[in-house]
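This is target_0.txt (compact mmCIF, C-alpha atoms).
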# COMPACT_ATOMS: atom_id res chain seq x y z
CA MET A 1 84.37 123.70 -198.44
CA LEU A 2 83.95 120.58 -200.61
CA ASN A 3 81.34 121.03 -203.27
CA PHE A 4 78.88 118.18 -203.62
CA LEU A 5 79.68 118.06 -207.31
CA GLN A 6 83.34 117.49 -206.54
CA VAL A 7 82.74 113.99 -205.20
CA ALA A 8 85.21 111.60 -206.82
CA GLY A 9 86.88 114.48 -208.49
CA GLN A 10 84.00 115.09 -210.90
CA GLN A 11 82.29 118.34 -211.60
CA ASP A 12 78.99 117.44 -213.31
CA LEU A 13 75.92 115.73 -211.82
CA ILE A 14 75.90 112.73 -214.23
CA SER A 15 79.47 111.85 -213.31
CA VAL A 16 78.58 111.97 -209.62
CA ILE A 17 75.55 109.70 -210.13
CA SER A 18 77.60 107.21 -212.14
CA SER A 19 80.23 107.22 -209.40
CA LEU A 20 77.57 106.53 -206.77
CA ILE A 21 76.13 103.67 -208.87
CA TRP A 22 79.64 102.29 -209.21
CA ILE A 23 80.14 102.43 -205.42
CA LEU A 24 76.76 100.72 -204.96
CA PHE A 25 77.78 97.90 -207.30
CA MET A 26 81.09 97.55 -205.47
CA MET A 27 79.19 97.33 -202.17
CA ILE A 28 76.95 94.57 -203.61
CA PHE A 29 80.01 92.63 -204.77
CA ILE A 30 81.62 92.99 -201.35
CA LEU A 31 78.51 92.24 -199.31
CA TYR A 32 76.89 89.55 -201.50
CA PRO A 33 79.30 86.70 -200.63
CA THR A 34 78.72 87.43 -196.95
CA PHE A 35 74.94 87.60 -197.06
CA SER A 36 73.97 85.45 -200.08
CA GLN A 37 73.78 82.21 -198.12
CA ARG A 38 71.65 83.86 -195.46
CA ILE A 39 69.26 85.17 -198.10
CA GLN A 40 69.11 81.74 -199.77
CA LEU A 41 68.66 80.04 -196.41
CA SER A 42 65.72 82.25 -195.54
CA TYR A 43 64.10 81.52 -198.92
CA ILE A 44 64.57 77.76 -198.51
CA LEU A 45 63.35 77.81 -194.91
CA ARG A 46 60.25 79.71 -195.93
CA ASP A 47 59.55 77.16 -198.69
CA LEU A 48 60.17 74.26 -196.33
CA GLU A 49 57.92 75.81 -193.70
CA ARG A 50 55.09 76.06 -196.20
CA ARG A 51 55.50 72.46 -197.31
CA LEU A 52 55.86 71.26 -193.74
CA GLN A 53 52.58 72.99 -192.94
CA LYS A 54 50.92 71.13 -195.82
CA LEU A 55 52.48 67.88 -194.60
CA LYS A 56 51.09 68.56 -191.12
CA VAL A 57 47.60 69.09 -192.54
CA MET A 58 47.89 65.74 -194.34
CA ARG A 59 49.27 64.01 -191.24
CA ASP A 60 46.40 65.37 -189.15
CA GLU A 61 43.85 64.29 -191.76
CA VAL A 62 45.25 60.73 -191.83
CA ARG A 63 45.32 60.63 -188.03
CA ARG A 64 41.75 61.92 -187.75
CA LYS A 65 40.47 59.34 -190.26
CA THR A 66 42.37 56.58 -188.45
CA VAL A 67 40.99 57.55 -185.04
CA GLU A 68 37.44 57.78 -186.45
CA THR A 69 37.73 54.32 -188.01
CA LEU A 70 39.31 52.72 -184.93
CA LYS A 71 36.61 54.25 -182.72
CA LYS A 72 33.94 52.54 -184.84
CA TYR A 73 35.34 49.16 -183.82
CA SER A 74 36.80 49.95 -180.39
CA GLY A 75 35.55 48.44 -177.17
CA ASP A 76 34.17 50.44 -174.23
CA GLY A 77 36.65 52.32 -172.07
CA VAL A 78 39.45 52.30 -174.67
CA ASN A 79 41.27 55.59 -175.13
CA VAL A 80 41.83 55.34 -178.87
CA ASP A 81 43.92 58.53 -179.14
CA GLU A 82 46.32 57.40 -176.46
CA GLU A 83 46.63 53.87 -177.85
CA LEU A 84 47.16 55.18 -181.37
CA ASP A 85 49.97 57.41 -180.13
CA LYS A 86 51.69 54.36 -178.64
CA LEU A 87 51.41 52.55 -181.97
CA LEU A 88 52.62 55.54 -183.99
CA LEU A 89 55.75 55.85 -181.90
CA SER A 90 56.48 52.14 -181.65
CA PHE A 91 59.63 50.88 -183.36
CA MET A 92 61.58 47.81 -184.43
CA ILE A 93 65.34 47.53 -184.06
CA ASP A 94 67.19 45.78 -186.89
CA PRO A 95 69.50 42.94 -185.84
CA GLU A 96 73.23 43.59 -185.59
CA SER A 97 74.97 43.05 -188.93
CA MET A 98 78.64 43.16 -187.85
CA ASP A 99 78.61 39.38 -188.05
CA PRO A 100 76.14 38.73 -190.88
CA TYR A 101 75.97 34.96 -190.29
CA GLY A 102 72.35 33.96 -189.68
CA ILE A 103 71.08 37.54 -189.95
CA VAL A 104 68.10 36.59 -192.15
CA TYR A 105 66.62 34.33 -189.49
CA LYS A 106 67.34 36.88 -186.75
CA LEU A 107 65.56 39.51 -188.86
CA GLU A 108 62.69 37.13 -189.49
CA HIS A 109 62.30 36.52 -185.78
CA ILE A 110 62.29 40.25 -184.99
CA VAL A 111 59.90 41.10 -187.85
CA ASN A 112 57.49 38.31 -186.87
CA THR A 113 57.48 39.45 -183.25
CA TRP A 114 56.97 43.07 -184.31
CA GLU A 115 54.10 42.20 -186.69
CA ASP A 116 52.36 39.97 -184.15
CA THR A 117 52.70 42.56 -181.37
CA PHE A 118 51.44 45.35 -183.63
CA GLU A 119 48.45 43.29 -184.78
CA GLU A 120 47.58 42.20 -181.24
CA HIS A 121 47.70 45.82 -180.08
CA VAL A 122 45.31 46.88 -182.85
CA LYS A 123 43.02 43.95 -181.99
CA SER A 124 43.01 44.99 -178.33
CA ILE A 125 41.86 48.48 -179.37
CA CYS A 126 39.27 47.24 -181.86
CA ALA A 127 37.57 44.45 -179.97
CA LYS A 128 34.46 44.71 -182.16
CA ALA A 129 36.33 44.10 -185.41
CA ASP A 130 36.30 40.61 -186.93
CA GLU A 131 39.48 38.88 -188.16
CA THR A 132 39.21 40.40 -191.67
CA TRP A 133 38.71 43.94 -190.44
CA SER A 134 41.37 43.76 -187.75
CA LYS A 135 43.95 42.99 -190.46
CA THR A 136 42.79 45.92 -192.58
CA LEU A 137 42.80 48.18 -189.52
CA THR A 138 46.38 47.07 -188.79
CA ASN A 139 47.29 48.21 -192.30
CA LEU A 140 45.51 51.49 -191.68
CA VAL A 141 47.53 52.13 -188.51
CA GLU A 142 50.72 51.27 -190.45
CA VAL A 143 49.77 53.93 -193.01
CA ALA A 144 49.16 56.47 -190.23
CA ARG A 145 52.51 55.48 -188.69
CA GLY A 146 54.32 55.98 -192.02
CA MET A 147 52.71 59.38 -192.50
CA ASP A 148 53.50 60.45 -188.95
CA TYR A 149 57.13 59.34 -189.27
CA LEU A 150 57.53 61.17 -192.58
CA TYR A 151 56.25 64.38 -191.01
CA ARG A 152 58.53 64.04 -187.98
CA VAL A 153 61.62 63.43 -190.14
CA VAL A 154 60.97 66.47 -192.35
CA ARG A 155 60.27 68.59 -189.27
CA HIS A 156 63.52 67.38 -187.72
CA TYR A 157 65.64 68.50 -190.68
CA TYR A 158 63.77 71.80 -190.99
CA LEU A 159 64.30 72.65 -187.32
CA LEU A 160 67.88 71.39 -187.33
CA GLY A 161 68.71 73.50 -190.38
CA LYS A 162 67.02 76.53 -188.87
CA LYS A 163 68.75 76.09 -185.52
CA THR A 164 72.22 75.68 -186.97
CA SER A 165 71.64 78.01 -189.97
CA ASN A 166 73.11 75.20 -192.05
CA ILE A 167 72.10 75.67 -195.66
CA TYR A 168 73.35 72.22 -196.67
CA ILE A 169 70.93 70.44 -194.32
CA VAL A 170 67.88 72.37 -195.52
CA LEU A 171 69.01 72.20 -199.15
CA GLN A 172 69.08 68.40 -199.07
CA ILE A 173 65.61 68.09 -197.55
CA GLN A 174 64.28 70.75 -199.93
CA MET A 175 65.57 68.77 -202.91
CA LEU A 176 63.80 65.65 -201.64
CA MET A 177 60.54 67.44 -200.85
CA PRO A 178 58.76 66.84 -204.21
CA GLN A 179 59.20 63.06 -203.84
CA LEU A 180 58.33 63.17 -200.13
CA MET A 181 55.15 65.14 -200.86
CA GLU A 182 54.19 62.50 -203.47
CA ILE A 183 54.68 59.77 -200.87
CA ALA A 184 52.66 61.77 -198.34
CA GLU A 185 49.84 62.17 -200.86
CA ALA A 186 49.95 58.41 -201.52
CA TYR A 187 49.70 57.76 -197.77
CA ARG A 188 46.72 60.12 -197.57
CA GLN A 189 44.89 58.29 -200.34
CA ALA A 190 45.92 54.90 -198.91
CA CYS A 191 44.29 55.86 -195.64
CA TYR A 192 40.94 56.29 -197.41
CA ALA A 193 41.40 52.96 -199.22
CA PHE A 194 42.11 51.09 -195.97
CA THR A 195 39.29 52.72 -194.01
CA GLN A 196 36.87 51.26 -196.56
CA GLY A 197 38.69 48.06 -197.49
CA GLN A 198 39.28 48.94 -201.15
CA PRO A 199 41.80 46.93 -203.22
CA ILE A 200 45.12 48.72 -203.74
CA GLY A 201 47.63 48.52 -206.61
CA ASP A 202 49.97 46.25 -204.64
CA GLY A 203 47.24 43.58 -204.61
CA VAL A 204 47.53 42.94 -208.34
CA GLY A 205 49.78 39.88 -207.83
CA VAL A 206 47.15 38.28 -205.62
CA LEU A 207 44.40 39.30 -208.03
CA ALA A 208 46.25 37.67 -210.94
CA ALA A 209 46.67 34.45 -208.94
CA ALA A 210 42.96 34.54 -208.07
CA LYS A 211 41.99 35.12 -211.72
CA LEU A 212 44.13 32.12 -212.72
CA VAL A 213 41.96 29.74 -210.71
CA GLU A 214 38.62 31.55 -210.92
CA GLY A 215 35.77 29.19 -211.72
CA LEU A 216 37.99 26.08 -211.70
CA GLU A 217 37.56 23.03 -209.49
CA LYS A 218 40.16 23.21 -206.75
CA LYS A 219 41.06 22.27 -203.21
CA THR A 220 41.74 25.29 -200.98
CA TYR A 221 43.53 25.10 -197.65
CA GLN A 222 45.73 27.16 -195.35
CA VAL A 223 49.43 26.51 -195.78
CA ALA A 224 51.03 29.13 -193.52
CA LYS A 225 49.96 32.10 -191.41
CA ASP A 226 47.38 34.14 -193.40
CA THR A 227 48.41 32.19 -196.51
CA ILE A 228 46.26 29.83 -198.54
CA VAL A 229 46.90 27.53 -201.46
CA HIS A 230 44.57 26.41 -204.23
CA GLU A 231 45.52 22.96 -205.48
CA LEU A 232 44.22 21.99 -208.91
CA GLU A 233 44.92 20.02 -212.07
CA MET A 234 45.41 21.90 -215.32
CA ASP A 235 46.22 20.13 -218.59
CA GLY A 236 47.80 17.19 -216.78
CA ARG A 237 49.89 19.34 -214.47
CA LYS A 238 49.39 19.86 -210.77
CA ILE A 239 49.26 23.54 -209.91
CA PHE A 240 49.65 25.05 -206.46
CA VAL A 241 48.43 28.63 -206.48
CA LEU A 242 49.66 30.34 -203.36
CA ARG A 243 48.44 33.70 -202.05
CA ALA A 244 47.61 35.61 -198.91
CA ALA A 245 44.09 35.07 -197.60
CA GLY A 246 41.75 37.99 -198.22
CA PRO A 247 39.71 40.13 -198.13
CA GLY A 248 41.45 41.56 -195.06
CA GLY A 249 44.69 43.43 -195.64
CA THR A 250 47.57 40.99 -195.31
CA VAL A 251 50.56 39.79 -197.31
CA GLY A 252 50.80 36.40 -195.61
CA LYS A 253 53.95 34.28 -195.43
CA PRO A 254 54.57 33.20 -199.05
CA ALA A 255 58.01 31.75 -198.39
CA ASP A 256 56.73 29.46 -195.64
CA GLY A 257 53.97 28.33 -198.00
CA VAL A 258 56.42 27.60 -200.84
CA LEU A 259 58.70 25.64 -198.49
CA LYS A 260 55.82 23.51 -197.23
CA ILE A 261 54.66 22.68 -200.76
CA LEU A 262 58.22 21.81 -201.79
CA GLU A 263 58.50 19.57 -198.76
CA SER A 264 55.29 17.69 -199.56
CA GLU A 265 55.75 17.53 -203.34
CA GLY A 266 59.41 16.54 -203.33
CA ASP A 267 61.09 16.61 -206.75
CA ARG A 268 57.85 16.84 -208.70
CA VAL A 269 57.91 20.67 -208.64
CA LYS A 270 59.51 21.84 -211.89
CA ALA A 271 58.97 25.59 -211.67
CA ILE A 272 58.12 28.39 -209.27
CA ILE A 273 56.31 31.31 -210.86
CA MET A 274 55.97 34.52 -208.88
CA ILE A 275 53.65 37.42 -209.68
CA ASP A 276 54.09 40.79 -208.02
CA ALA A 277 53.65 44.52 -208.49
CA GLY A 278 56.88 46.18 -209.59
CA LEU A 279 58.05 49.78 -209.53
CA LYS A 280 57.97 51.42 -212.93
CA LEU A 281 60.30 54.16 -214.07
CA GLU A 282 58.84 57.60 -214.81
CA GLY A 283 57.38 57.62 -218.32
CA GLU A 284 56.57 53.92 -218.30
CA GLU A 285 53.04 52.67 -218.62
CA SER A 286 51.15 51.57 -215.50
CA GLY A 287 49.75 48.06 -215.74
CA LYS A 288 52.38 46.82 -218.20
CA VAL A 289 53.15 43.13 -217.65
CA VAL A 290 56.81 42.16 -217.95
CA GLU A 291 58.50 38.79 -217.57
CA GLY A 292 61.80 37.95 -215.98
CA ILE A 293 63.74 35.50 -213.87
CA GLY A 294 64.09 35.49 -210.10
CA ALA A 295 62.03 35.84 -206.96
CA ALA A 296 59.53 38.65 -207.45
CA ILE A 297 58.87 39.67 -203.88
CA GLY A 298 59.65 42.77 -201.83
CA GLY A 299 59.47 43.40 -198.12
CA THR A 300 62.29 42.79 -195.68
CA GLY A 301 64.05 40.26 -197.92
CA VAL A 302 63.40 37.27 -195.65
CA ASP A 303 60.83 35.66 -197.96
CA LYS A 304 63.00 36.35 -201.01
CA TYR A 305 66.01 34.74 -199.37
CA LYS A 306 64.10 31.64 -198.30
CA ILE A 307 62.51 31.09 -201.73
CA GLU A 308 65.85 31.59 -203.53
CA GLU A 309 67.59 29.24 -201.12
CA ALA A 310 64.98 26.50 -201.56
CA SER A 311 64.85 26.82 -205.35
CA LYS A 312 68.65 26.70 -205.62
CA LYS A 313 68.84 23.64 -203.37
CA LYS A 314 66.36 21.73 -205.53
CA ASN A 315 67.48 23.35 -208.80
CA ILE A 316 63.99 24.66 -209.57
CA PRO A 317 63.83 27.61 -211.99
CA LEU A 318 62.25 30.81 -210.69
CA TYR A 319 60.11 32.74 -213.18
CA ALA A 320 58.73 36.19 -212.44
CA PHE A 321 55.90 38.33 -213.75
CA VAL A 322 55.89 41.95 -212.70
CA ILE A 323 53.07 44.45 -213.19
CA TYR A 324 54.42 47.97 -213.44
CA GLN A 325 53.11 50.78 -211.24
CA SER A 326 54.40 53.78 -209.34
CA ILE A 327 55.04 53.83 -205.61
CA GLY A 328 51.91 55.95 -205.19
CA GLU A 329 49.75 53.58 -207.26
CA ALA A 330 50.95 50.62 -205.17
CA ILE A 331 49.27 51.88 -202.00
CA THR A 332 46.29 53.79 -203.41
CA PRO A 333 43.02 52.36 -204.82
CA MET A 334 43.70 50.05 -207.75
CA LYS A 335 43.54 51.62 -211.21
CA LYS A 336 41.72 50.10 -214.15
CA SER A 337 44.91 49.52 -216.17
CA ILE A 338 46.43 47.60 -213.24
CA ALA A 339 43.25 45.56 -212.59
CA LYS A 340 43.09 44.60 -216.28
CA ALA A 341 46.74 43.55 -216.17
CA ALA A 342 45.79 40.81 -213.68
CA GLU A 343 43.77 38.98 -216.35
CA GLU A 344 46.57 39.38 -218.91
CA THR A 345 49.09 38.00 -216.41
CA ALA A 346 46.91 34.98 -215.64
CA GLU A 347 46.87 34.13 -219.37
CA LYS A 348 50.63 34.55 -219.63
CA VAL A 349 51.17 32.29 -216.61
CA LYS A 350 49.05 29.57 -218.24
CA LYS A 351 51.18 29.77 -221.40
CA LEU A 352 54.40 29.65 -219.39
CA ILE A 353 53.23 26.59 -217.47
CA SER A 354 52.38 24.68 -220.65
CA SER A 355 55.73 25.57 -222.24
CA LYS A 356 58.03 25.03 -219.25
CA VAL A 357 56.42 22.25 -217.20
CA GLU A 358 55.87 18.81 -218.65
CA GLU A 359 52.67 16.88 -218.01
CA GLY A 360 52.68 14.86 -214.79
CA PHE A 361 54.78 17.39 -212.91
CA SER A 362 53.90 20.20 -210.51
CA VAL A 363 54.32 23.96 -210.49
CA ILE A 364 53.96 26.59 -207.77
CA VAL A 365 52.40 29.93 -208.69
CA ALA A 366 52.76 32.57 -205.97
CA GLY A 367 50.66 35.73 -206.15
CA ILE A 368 52.40 38.31 -203.98
CA GLY A 369 50.82 41.43 -202.51
CA ASN A 370 48.35 42.91 -200.09
CA THR A 371 44.92 41.28 -200.20
CA VAL A 372 42.85 44.21 -198.95
CA GLY A 373 39.52 44.10 -200.79
CA ILE A 374 40.36 40.88 -202.65
CA GLY A 375 38.42 37.80 -201.59
CA ILE A 376 38.95 34.15 -202.43
CA SER A 377 37.91 33.16 -205.96
CA MET B 1 64.06 77.95 -204.92
CA PHE B 2 60.66 79.54 -205.31
CA PRO B 3 57.64 77.69 -203.92
CA GLN B 4 55.11 76.04 -206.23
CA ARG B 5 51.41 76.15 -205.35
CA ARG B 6 49.39 72.95 -205.56
CA GLY B 7 46.06 72.17 -203.91
CA VAL B 8 45.00 69.01 -202.10
CA ARG B 9 44.12 66.34 -204.62
CA PRO B 10 40.68 64.72 -204.43
CA VAL B 11 40.64 61.11 -203.23
CA PRO B 12 39.67 58.83 -206.15
CA LYS B 13 36.43 56.92 -205.66
CA PRO B 14 36.46 53.43 -207.16
CA LEU B 15 33.62 51.71 -208.97
CA THR B 16 32.48 48.20 -208.13
CA HIS B 17 32.02 46.05 -211.24
CA LEU B 18 29.49 43.25 -210.94
CA LYS B 19 28.64 40.28 -213.13
CA CYS B 20 25.20 38.66 -213.11
CA LEU B 21 25.51 34.97 -212.21
CA GLU B 22 22.49 34.17 -214.40
CA CYS B 23 22.99 36.06 -217.67
CA GLY B 24 26.59 37.30 -217.33
CA THR B 25 25.71 40.97 -217.74
CA LEU B 26 28.34 43.36 -216.49
CA ASN B 27 27.26 46.32 -214.44
CA SER B 28 28.95 48.90 -212.26
CA ARG B 29 28.06 51.15 -209.35
CA PRO B 30 29.98 53.28 -206.81
CA PHE B 31 31.94 51.29 -204.25
CA LYS B 32 30.13 50.50 -201.00
CA GLU B 33 31.84 49.61 -197.72
CA GLY B 34 31.96 45.83 -197.39
CA ASP B 35 32.49 45.21 -201.11
CA TYR B 36 35.41 43.02 -202.12
CA VAL B 37 36.45 41.27 -205.31
CA PHE B 38 34.85 37.79 -205.78
CA LYS B 39 32.11 38.54 -203.23
CA GLU B 40 28.64 37.31 -204.18
CA VAL B 41 26.00 39.92 -203.46
CA GLU B 42 22.23 39.97 -203.56
CA GLU B 43 21.64 42.72 -206.07
CA LYS B 44 19.23 42.91 -208.93
CA CYS B 45 20.61 42.46 -212.43
CA PRO B 46 19.53 45.44 -214.59
CA LYS B 47 19.03 43.13 -217.58
CA CYS B 48 17.45 39.84 -216.43
CA GLY B 49 16.32 40.88 -212.96
CA ALA B 50 18.07 37.94 -211.24
CA ASN B 51 19.08 38.59 -207.67
CA ARG B 52 22.61 37.16 -207.54
CA MET B 53 25.68 39.01 -208.74
CA LYS B 54 29.40 38.61 -208.23
CA ILE B 55 31.90 41.43 -207.81
CA VAL B 56 34.51 40.95 -210.54
CA GLY B 57 36.51 44.12 -210.04
CA ILE B 58 36.93 47.22 -207.91
CA TYR B 59 39.01 49.96 -209.47
CA VAL B 60 39.26 53.63 -210.36
CA GLU B 61 39.33 54.87 -213.94
CA ASP B 62 42.76 55.88 -215.25
CA LYS B 63 43.46 59.55 -215.81
CA VAL B 64 43.72 60.54 -219.47
CA THR B 65 47.27 61.73 -220.18
CA LYS B 66 48.12 64.54 -222.58
CA LYS B 67 49.21 63.31 -225.99
CA GLY B 68 52.11 64.66 -227.98
CA LYS B 69 54.47 64.75 -225.01
CA PRO B 70 57.26 62.25 -224.49
CA SER B 71 55.98 59.21 -222.58
Transcribe the structure of this file into structure tokens.
Amino acid sequence: MLNFLQVAGQQDLISVISSLIWILFMMIFILYPTFSQRIQLSYILRDLERRLQKLKVMRDEVRRKTVETLKKYSGDGVNVDEELDKLLLSFMIDPESMDPYGIVYKLEHIVNTWEDTFEEHVKSICAKADETWSKTLTNLVEVARGMDYLYRVVRHYYLLGKKTSNIYIVLQIQMLMPQLMEIAEAYRQACYAFTQGQPIGDGVGVLAAAKLVEGLEKKTYQVAKDTIVHELEMDGRKIFVLRAAGPGGTVGKPADGVLKILESEGDRVKAIIMIDAGLKLEGEESGKVVEGIGAAIGGTGVDKYKIEEASKKKNIPLYAFVIYQSIGEAITPMKKSIAKAAEETAEKVKKLISSKVEEGFSVIVAGIGNTVGIGIS
Amino acid sequence: MFPQRRGVRPVPKPLTHLKCLECGTLNSRPFKEGDYVFKEVEEKCPKCGANRMKIVGIYVEDKVTKKGKPS
């Protein structure tokens, strides 16, 4: 009969134990490559599940706040929950780009139709809201839509990864989660800002334009949809300060405004100055004002294209002022450093005008951004 | 790989900054629904007692960042 101590040809207990440990290590080396991915996958899925749960709580909070606010302004017999669901799941299809000729104008047409339809739908829910509030409420629904979409995308990758046990799918979404959670948090805070009509970081371009003309004698009129212009004389130069009309949340149609002014002013316009919020890099200071060249405007690219096209045609230089902020700061209540940067930018614009535009000529200053909580100066 | 715990952040509450249209005194109070920048409001100036003020800013205070770290 084989003695227990004779395992692996050894006679003493220590040798047997060391042999068993050795076998155990060998087993780990053999089994680890087979099971390591499964262990990792379960860890990642558990982490994703926890974050997805947090995202759901945030999504529900934004939805609840949105429904509450819409109900305050909704007419009798309107099922706000049902109507909000329709808006949250609505979509816009980009134009076909196989033949890119004329794509900008096709995109413009689709975006305009989408924006008008979305706004009209919100207005039909909130019959009691005035023009200003219906624009801010449209922004609020857009925030809720962004939050809802973010949650659905993360949930999709989580479930897809779980279903297929594909570590590479869940790994990618896990790596993006810190940034996605930051965006979700920004949406959550943006929802509170829009429910109360508070100015957001993105509005700094408009605020700077408003500060430029504050207290000065000027003629104010509408130049395009939701877009106004202040026309004034400053040190012998004619200045057209263009911005979206506040205090409701809108970005207006700055390109259409610029084109109309160029059409009426002819060759007298010697510069176009654009002011907008710009994304900072991590570690950079929020509210820092930087100068550059080009069309400072985001969005779909339609406005940028039209302004660049018009300025090139007439050989008008494009100057840009950008106020640094993070993506989160752009859609959450405005910070002091960003608000103060508006005044600094207005001063810099004045200096630029006097150095680049000769007396007797005109200049267009376009303040770009969302006007929520920013009235007309 | 291991989860990090972080609570829900409080929503920042902005202050409304007002300027007296009579004496130019600057004053601030918590934001109220309906406030917007450049709005003229009927509020009493804490210095001269005049009843007309203009909202010159609505913003939240910046967070103080730790010094001595790369920024």
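Atom CA of Thr300 of chain A is found 16.5 Å from atom CA of Ile327 of chain A.
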Worksheet entry | Interatomic distance (Å, one decimal) between atom CA of Phe194 of chain A and atom CA of Thr136 of chain A | 6.2 Å
Practice prompt. Up to 6 Å from chain A, what residues of chain B turn up? Count all atoms listed in the file and give them as number ranges by chain.
Written response: B: 3, 11, 33, 36-38, 59-62, 71
Mind writing the picked residues with C-alpha atoms as a short mmCIF file (atom, residue, chain, number, x, y, z; two decimals), in the coordinates of the input?
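So part-v2.cif came out as:
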data_model
loop_
_atom_site.label_atom_id
_atom_site.label_comp_id
_atom_site.auth_asym_id
_atom_site.auth_seq_id
_atom_site.Cartn_x
_atom_site.Cartn_y
_atom_site.Cartn_z
CA PRO B 3 57.64 77.69 -203.92
CA VAL B 11 40.64 61.11 -203.23
CA GLU B 33 31.84 49.61 -197.72
CA TYR B 36 35.41 43.02 -202.12
CA VAL B 37 36.45 41.27 -205.31
CA PHE B 38 34.85 37.79 -205.78
CA TYR B 59 39.01 49.96 -209.47
CA VAL B 60 39.26 53.63 -210.36
CA GLU B 61 39.33 54.87 -213.94
CA ASP B 62 42.76 55.88 -215.25
CA SER B 71 55.98 59.21 -222.58
#
